[in-house]
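Undergrad: What follows is structure.txt, made up of compact mmCIF, C-alpha atoms:
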```
# COMPACT_ATOMS: atom_id res chain seq x y z
CA MET W 1 0.00 0.00 0.00
CA SER W 2 1.37 3.41 -0.94
CA ILE W 3 2.05 6.03 1.71
CA LEU W 4 -0.71 8.20 0.25
CA ALA W 5 -3.19 5.32 0.51
CA LYS W 6 -2.13 4.75 4.12
CA ILE W 7 -2.63 8.44 4.95
CA LYS W 8 -6.07 8.40 3.28
CA ARG W 9 -7.05 5.32 5.30
CA PHE W 10 -5.79 6.97 8.46
CA VAL W 11 -7.67 10.22 7.82
CA ARG W 12 -10.89 8.29 7.03
CA GLY W 13 -10.55 6.55 10.41
CA GLU W 14 -10.52 3.06 8.93
CA PRO W 15 -9.61 0.18 11.30
CA LEU W 16 -5.92 -0.11 12.14
CA SER W 17 -3.97 -3.15 10.98
CA CYS W 18 -2.01 -5.29 13.49
CA GLN W 19 1.21 -3.73 12.19
CA GLU W 20 -0.13 -0.22 12.79
CA VAL W 21 -1.29 -1.21 16.27
CA ASN W 22 2.20 -2.56 16.95
CA ARG W 23 3.76 0.76 15.92
CA PHE W 24 1.58 2.61 18.43
CA LEU W 25 2.53 0.51 21.47
CA VAL W 26 5.07 3.00 22.87
CA ASP W 27 2.68 5.93 22.39
CA TYR W 28 -0.19 4.00 23.96
CA LEU W 29 1.76 3.02 27.07
CA GLU W 30 3.07 6.56 27.57
CA GLY W 31 -0.41 8.00 27.04
CA SER W 32 0.61 10.25 24.16
CA MET W 33 -1.98 9.17 21.57
CA ASP W 34 -4.72 11.46 20.35
CA GLU W 35 -8.20 10.35 21.45
CA ARG W 36 -9.39 9.27 18.01
CA THR W 37 -6.37 7.06 17.31
CA GLN W 38 -6.49 5.64 20.82
CA ALA W 39 -10.12 4.64 20.31
CA ARG W 40 -9.18 2.86 17.06
CA PHE W 41 -6.21 1.22 18.79
CA GLU W 42 -8.37 -0.08 21.66
CA LYS W 43 -11.11 -1.23 19.31
CA HIS W 44 -8.56 -3.29 17.37
CA LEU W 45 -7.21 -4.82 20.59
CA GLU W 46 -10.72 -5.81 21.69
CA ASN W 47 -11.29 -7.67 18.46
CA CYS W 48 -7.88 -9.20 17.75
CA GLY W 49 -6.67 -12.01 20.00
CA CYS W 50 -3.20 -12.00 18.44
CA CYS W 51 -2.63 -8.28 19.12
CA GLU W 52 -4.12 -8.64 22.58
CA GLN W 53 -1.66 -11.44 23.45
CA PHE W 54 1.28 -9.58 21.96
CA PHE W 55 0.31 -6.43 23.84
CA GLU W 56 0.12 -8.44 27.08
CA GLN W 57 3.64 -9.82 26.55
CA TYR W 58 4.93 -6.36 25.61
CA ARG W 59 3.37 -4.81 28.72
CA ASN W 60 4.75 -7.62 30.91
CA THR W 61 8.19 -7.00 29.42
CA VAL W 62 8.07 -3.34 30.45
CA ALA W 63 6.78 -4.31 33.91
CA VAL W 64 9.51 -6.86 34.66
CA VAL W 65 12.22 -4.53 33.36
CA ARG W 66 10.84 -1.73 35.56
CA ALA W 67 11.02 -4.10 38.53
CA ASP W 68 14.73 -4.75 37.90
CA GLU W 69 16.91 -4.77 41.01
CA GLU W 70 17.26 -1.65 43.13
CA ILE W 71 20.72 -0.10 43.09
CA ASP W 72 21.69 2.05 46.06
CA ILE W 73 24.77 4.20 45.94
CA PRO W 74 26.99 3.58 49.00
CA ASP W 75 27.56 6.81 51.02
CA GLU W 76 31.31 6.39 50.61
CA VAL W 77 30.98 6.72 46.81
CA VAL W 78 29.56 10.23 47.16
CA GLU W 79 32.22 11.12 49.74
CA ARG W 80 35.00 9.80 47.51
CA THR W 81 33.54 11.73 44.55
CA MET W 82 33.55 14.95 46.56
CA ASP W 83 37.18 14.28 47.60
CA PHE W 84 38.15 13.48 44.02
CA LEU W 85 36.66 16.76 42.81
CA LYS W 86 38.39 18.78 45.55
CA ARG W 87 41.72 17.31 44.40
CA HIS W 88 41.05 17.99 40.70
CA TYR W 89 39.08 21.26 40.54
CA MET E 1 16.75 30.00 49.33
CA LYS E 2 16.80 26.75 51.38
CA PRO E 3 20.27 25.42 52.37
CA ASP E 4 20.08 22.41 50.02
CA GLU E 5 18.64 24.41 47.11
CA ILE E 6 21.08 24.95 44.27
CA ASP E 7 21.81 28.47 43.07
CA MET E 8 22.26 27.73 39.37
CA GLU E 9 23.64 31.16 38.60
CA ARG E 10 26.45 30.70 41.10
CA LEU E 11 26.98 27.09 40.03
CA LEU E 12 27.42 28.14 36.40
CA GLN E 13 29.97 30.73 37.52
CA GLY E 14 31.99 27.85 38.98
CA ASP E 15 31.01 28.06 42.64
CA LYS E 16 32.36 24.84 44.15
CA GLU E 17 29.89 24.79 47.02
CA GLU E 18 26.91 24.94 44.67
CA PHE E 19 28.50 22.35 42.39
CA GLY E 20 29.01 20.12 45.44
CA LYS E 21 25.28 20.32 46.14
CA MET E 22 24.65 19.20 42.57
CA VAL E 23 27.04 16.26 43.08
CA GLN E 24 25.19 15.26 46.27
CA ARG E 25 21.80 15.53 44.58
CA GLU E 26 22.55 13.84 41.27
CA SER E 27 25.07 11.16 42.31
CA PRO E 28 22.50 8.48 43.20
CA ARG E 29 20.72 8.50 39.85
CA LEU E 30 23.80 9.11 37.73
CA PHE E 31 25.57 6.25 39.53
CA ARG E 32 22.59 3.91 38.97
CA VAL E 33 22.50 4.71 35.26
CA ILE E 34 26.23 4.19 34.82
CA VAL E 35 26.31 0.99 36.91
CA ARG E 36 23.48 -0.41 34.83
CA MET E 37 25.43 0.36 31.69
CA LEU E 38 28.77 -0.98 32.93
CA ARG E 39 27.83 -3.61 35.56
CA ASP E 40 31.01 -2.75 37.43
CA ASP E 41 30.76 -0.64 40.60
CA ASP E 42 34.40 0.50 40.65
CA GLU E 43 34.44 1.50 37.00
CA ALA E 44 31.06 3.22 37.41
CA GLU E 45 32.40 5.25 40.33
CA SER E 46 35.43 6.29 38.32
CA VAL E 47 33.30 7.21 35.27
CA MET E 48 30.90 9.21 37.44
CA GLN E 49 33.75 11.15 39.04
CA GLU E 50 35.17 11.93 35.61
CA ALA E 51 31.70 13.02 34.42
CA PHE E 52 31.35 15.52 37.28
CA LEU E 53 34.86 16.79 36.69
CA GLN E 54 34.29 17.23 32.94
CA ALA E 55 31.02 18.99 33.67
CA TYR E 56 32.70 21.35 36.13
CA LYS E 57 35.59 22.12 33.79
CA GLY E 58 33.18 22.57 30.88
CA LEU E 59 30.68 24.84 32.63
CA ASP E 60 31.47 27.54 30.07
CA SER E 61 30.29 25.25 27.28
CA PHE E 62 26.88 24.63 28.89
CA ARG E 63 24.63 26.63 26.60
CA GLY E 64 21.50 26.42 28.72
CA ASP E 65 19.30 25.13 25.89
CA SER E 66 18.63 21.97 27.92
CA LYS E 67 18.35 21.28 31.63
CA PHE E 68 21.71 21.16 33.41
CA THR E 69 21.03 17.56 34.47
CA THR E 70 20.33 16.57 30.85
CA TRP E 71 23.74 17.92 29.89
CA LEU E 72 25.37 16.21 32.90
CA TYR E 73 23.77 12.83 32.09
CA ALA E 74 24.84 13.12 28.47
CA ILE E 75 28.45 13.56 29.64
CA GLY E 76 28.15 10.56 32.00
CA ILE E 77 26.57 8.31 29.38
CA ASN E 78 29.14 9.22 26.75
CA LEU E 79 31.96 8.44 29.18
CA ALA E 80 30.28 5.13 30.09
CA LYS E 81 30.00 4.26 26.39
CA ALA E 82 33.70 5.04 25.93
CA SER E 83 34.50 2.75 28.85
CA LEU E 84 32.39 -0.03 27.32
CA ARG E 85 34.20 0.29 24.01
CA LYS E 86 37.51 0.00 25.85
CA ASN E 87 36.59 -2.97 28.03
CA LYS E 88 33.96 -5.04 26.27
CA ARG E 89 32.73 -7.49 28.90
CA VAL E 90 29.48 -9.16 27.94
CA SER E 91 28.83 -10.80 24.62
CA GLN E 92 26.11 -8.65 23.13
CA TYR E 93 23.57 -8.98 20.38
CA GLU E 94 24.29 -7.20 17.13
CA GLU E 95 21.89 -5.00 15.18
CA ASP E 96 21.04 -7.99 12.92
CA ASP E 97 20.00 -10.00 15.99
CA ILE E 98 17.77 -7.15 17.16
CA GLU E 99 16.18 -7.07 13.72
CA ARG E 100 15.46 -10.81 13.88
CA MET E 101 13.80 -10.35 17.28
CA GLN E 102 11.21 -7.94 15.88
CA PRO E 103 7.83 -9.52 15.11
CA ALA E 104 7.22 -10.28 11.43
CA PHE E 105 4.11 -9.14 9.54
CA SER E 106 2.46 -10.22 6.33
CA LYS E 107 -0.21 -7.98 4.81
CA GLY E 108 -0.32 -6.01 8.05
CA MET E 109 -0.92 -9.09 10.24
CA TYR E 110 1.42 -10.95 12.60
CA VAL E 111 2.80 -14.09 10.97
CA GLU E 112 2.93 -15.93 14.31
CA SER E 113 0.57 -16.18 17.23
CA PHE E 114 1.43 -15.47 20.86
CA ASP E 115 0.51 -17.25 24.06
CA THR E 116 0.10 -16.09 27.63
CA TRP E 117 3.23 -16.08 29.77
CA ASP E 118 3.31 -18.43 32.73
CA PRO E 119 2.11 -16.39 35.75
CA SER E 120 4.12 -18.54 38.18
CA LYS E 121 7.36 -17.76 36.31
CA LEU E 122 6.45 -14.07 36.19
CA ALA E 123 5.82 -14.08 39.93
CA GLU E 124 9.05 -15.90 40.86
CA ARG E 125 11.14 -12.87 41.80
CA GLU E 126 14.79 -13.94 42.12
CA GLN E 127 14.99 -16.09 39.01
CA ARG E 128 13.01 -13.52 37.04
CA LYS E 129 15.36 -10.72 38.07
CA ARG E 130 18.37 -12.71 36.93
CA ILE E 131 16.80 -13.51 33.57
CA VAL E 132 15.72 -9.90 32.99
CA HIS E 133 19.07 -8.58 34.15
CA ASP E 134 20.94 -10.86 31.72
CA ALA E 135 18.58 -9.97 28.87
CA ILE E 136 19.12 -6.22 29.38
CA ASP E 137 22.90 -6.73 29.56
CA ARG E 138 22.95 -8.43 26.20
CA LEU E 139 21.25 -5.59 24.35
CA PRO E 140 23.55 -3.44 22.24
CA THR E 141 24.61 -0.32 24.18
CA ASP E 142 22.26 2.16 22.47
CA TYR E 143 19.25 -0.07 23.11
CA ARG E 144 20.27 -0.82 26.68
CA THR E 145 20.73 2.88 27.39
CA ILE E 146 17.26 3.88 26.22
CA VAL E 147 15.72 1.05 28.29
CA ILE E 148 17.66 2.23 31.37
CA LEU E 149 16.60 5.86 30.90
CA ARG E 150 12.95 5.29 29.94
CA ASP E 151 11.83 2.03 31.52
CA ILE E 152 14.02 1.82 34.61
CA GLU E 153 14.74 5.44 35.55
CA GLU E 154 11.38 6.47 34.06
CA LEU E 155 12.60 9.66 32.40
CA SER E 156 10.28 11.19 29.83
CA THR E 157 10.85 10.47 26.14
CA ALA E 158 11.76 14.15 25.67
CA GLU E 159 14.44 14.04 28.37
CA ALA E 160 15.87 10.70 27.25
CA ALA E 161 16.01 11.98 23.66
CA ALA E 162 17.78 15.17 24.77
CA ILE E 163 20.36 13.19 26.78
CA LEU E 164 21.04 10.89 23.83
CA ASP E 165 20.98 13.81 21.36
CA ILE E 166 18.37 12.15 19.15
CA THR E 167 14.84 13.19 18.17
CA GLU E 168 11.89 12.08 20.28
CA GLY E 169 10.69 10.01 17.32
CA ALA E 170 14.02 8.22 17.11
CA ALA E 171 13.94 7.62 20.88
CA ARG E 172 10.47 6.05 20.61
CA VAL E 173 11.54 3.81 17.72
CA ARG E 174 14.69 2.71 19.56
CA LEU E 175 12.74 2.01 22.76
CA HIS E 176 10.12 0.03 20.84
CA ARG E 177 12.75 -2.09 19.12
CA ALA E 178 14.56 -2.66 22.43
CA ARG E 179 11.34 -3.71 24.18
CA GLN E 180 10.42 -6.05 21.34
CA ALA E 181 13.88 -7.62 21.44
CA LEU E 182 13.57 -8.07 25.22
CA ARG E 183 10.10 -9.56 24.77
CA SER E 184 11.54 -12.06 22.33
CA ILE E 185 14.40 -13.02 24.69
CA LEU E 186 12.10 -13.25 27.73
CA HIS E 187 9.49 -15.23 25.81
CA GLU E 188 11.75 -18.28 25.81
CA TYR E 189 11.76 -18.24 29.59
CA PHE E 190 8.27 -17.04 30.45
CA SER E 191 6.20 -19.05 27.97
```
Taking this structure as input, can you express it in the form of structure tokens?
TA:
Amino acid sequence: MSILAKIKRFVRGEPLSCQEVNRFLVDYLEGSMDERTQARFEKHLENCGCCEQFFEQYRNTVAVVRADEEIDIPDEVVERTMDFLKRHY
Amino acid sequence: MKPDEIDMERLLQGDKEEFGKMVQRESPRLFRVIVRMLRDDDEAESVMQEAFLQAYKGLDSFRGDSKFTTWLYAIGINLAKASLRKNKRVSQYEEDDIERMQPAFSKGMYVESFDTWDPSKLAEREQRKRIVHDAIDRLPTDYRTIVILRDIEELSTAEAAAILDITEGAARVRLHRARQALRSILHEYFS
């Protein structure tokens, strides 16, 4: 499909394809989609088991990455950094 | 002005006390980002110290068209990347591997189907952390960095893009590809 045809389809509000839904996953999760496109995105997800499953895996991926181990900086690292800077300013 | 508040005007004039406050405030997050990139506490400490020093010595070159912290993180990340190039530790995926991990489409539809991940494996914390940790480590540096900034440190797309000196669109595409690669790696374990 040509780019022009894709734009025309988009403007007419025709249903999104799975590939288009896939491309919107980042925007959807960060809440940056316009209302009309979001409605089309959600409608597709409701009616497409494959996209729904993929979306679930994608969302789980983000969730488990976000829950990666906590890293705390030891107090001595900040102290040593301050000392290092005093020596090299 | 409260005692721990930073006077940016004085800081940019080279005031060491104000710069010290910045070091105290930003060290925890900058250290986390660099450790996640390098997976080596000692090297991360050394890179962070160098980043603060470069920032201090380069205060004149800070143009003010981004937040000071954006500029500082860009220095830290660039130094961490230089360290990675010097001491390559983990065997990482190449761009071709990342491409293969993206889902395939035919006529706008997925060519494969997907199942539900095993909830018991998702809930098992220690093993899961190790698997996720290893998966992130194997991503090529640019992909790992965007995942660290966006999905772990939860910076906005705009801020991550500014730190990496790329457009917001490019940051979204890179994040999407990184997440899809991680999904593909994790699928083998979680399905």
Undergrad: Report as a tab-separated table: every residue of chain W with an atom at most 7 Å from chain E, its closest pair of atoms, and their distance in Å to one decimal, counting only C-alpha atoms, with rows sorted by chain and ascending residue number.
TA:
```
residue	atom	partner	partner_atom	distance
W:Ser17	CA	E:Gly108	CA	5.5
W:Cys18	CA	E:Met109	CA	5.1
W:Gln19	CA	E:Gly108	CA	5.0
W:Val26	CA	E:His176	CA	6.2
W:Cys50	CA	E:Ser113	CA	5.8
W:Gln53	CA	E:Phe114	CA	5.7
W:Phe54	CA	E:Phe114	CA	6.0
W:Gln57	CA	E:Arg183	CA	6.7
W:Tyr58	CA	E:Arg183	CA	6.1
W:Thr61	CA	E:Arg183	CA	5.6
W:Val62	CA	E:Asp151	CA	6.6
W:Val65	CA	E:Val132	CA	6.4
W:Arg66	CA	E:Ile152	CA	4.9
W:Asp68	CA	E:Lys129	CA	6.0
W:Glu69	CA	E:Lys129	CA	6.8
W:Ile71	CA	E:Arg32	CA	6.0
W:Ile73	CA	E:Pro28	CA	5.6
W:Val77	CA	E:Glu45	CA	6.8
W:Val78	CA	E:Ser27	CA	6.7
W:Thr81	CA	E:Gln49	CA	5.5
W:Met82	CA	E:Gly20	CA	7.0
W:Leu85	CA	E:Leu53	CA	6.4
```
Undergrad: Between atom CA of Val21 of chain W and atom CA of Ala171 of chain E, measure the distance and give it in Å to one decimal.
TA: 18.2 Å
Undergrad: What does the distance from atom CA of Ile163 of chain E to atom CA of Tyr143 of chain E come to in Å, to one decimal?
TA: 13.8 Å
Undergrad: Work out how far apart atom CA of Asn87 of chain E and atom CA of Thr141 of chain E are and give it in Å to one decimal.
TA: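 Rounded to one decimal, the two atoms are 12.9 Å apart.
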Undergrad: Show which residues sit within 9 Å of Arg138 of chain E, as a PyMOL selection string. Count all atoms listed in the file, and ignore same-chain residues fewer than 4 positions away.
TA: chain E and resi 90-93+133-134+144
Undergrad: What's the 7 Å shell around segment 35-49 of chain W, counting all atoms listed in the file, without same-chain residues fewer than 2 positions away, as a PyMOL selection string?
TA: chain W and resi 15-16+21+33+51-53
Undergrad: Find the residue from E:Ala55, E:Asp165, E:Arg174, E:Lys67 that sits nearest to Arg23 of chain W; use all atoms listed in the file when measuring.
TA: E:Arg174
Undergrad: Set up a box along x, y and z of the file covering all listed atoms of segment 7-26 of chain E, add 3 Å on every one of the six sides, and write the centre and edge lengths in Å to one decimal, as JSON.
TA:
```
{"center_x": 27.1, "center_y": 22.5, "center_z": 41.7, "size_x": 16.6, "size_y": 23.3, "size_z": 16.6}
```
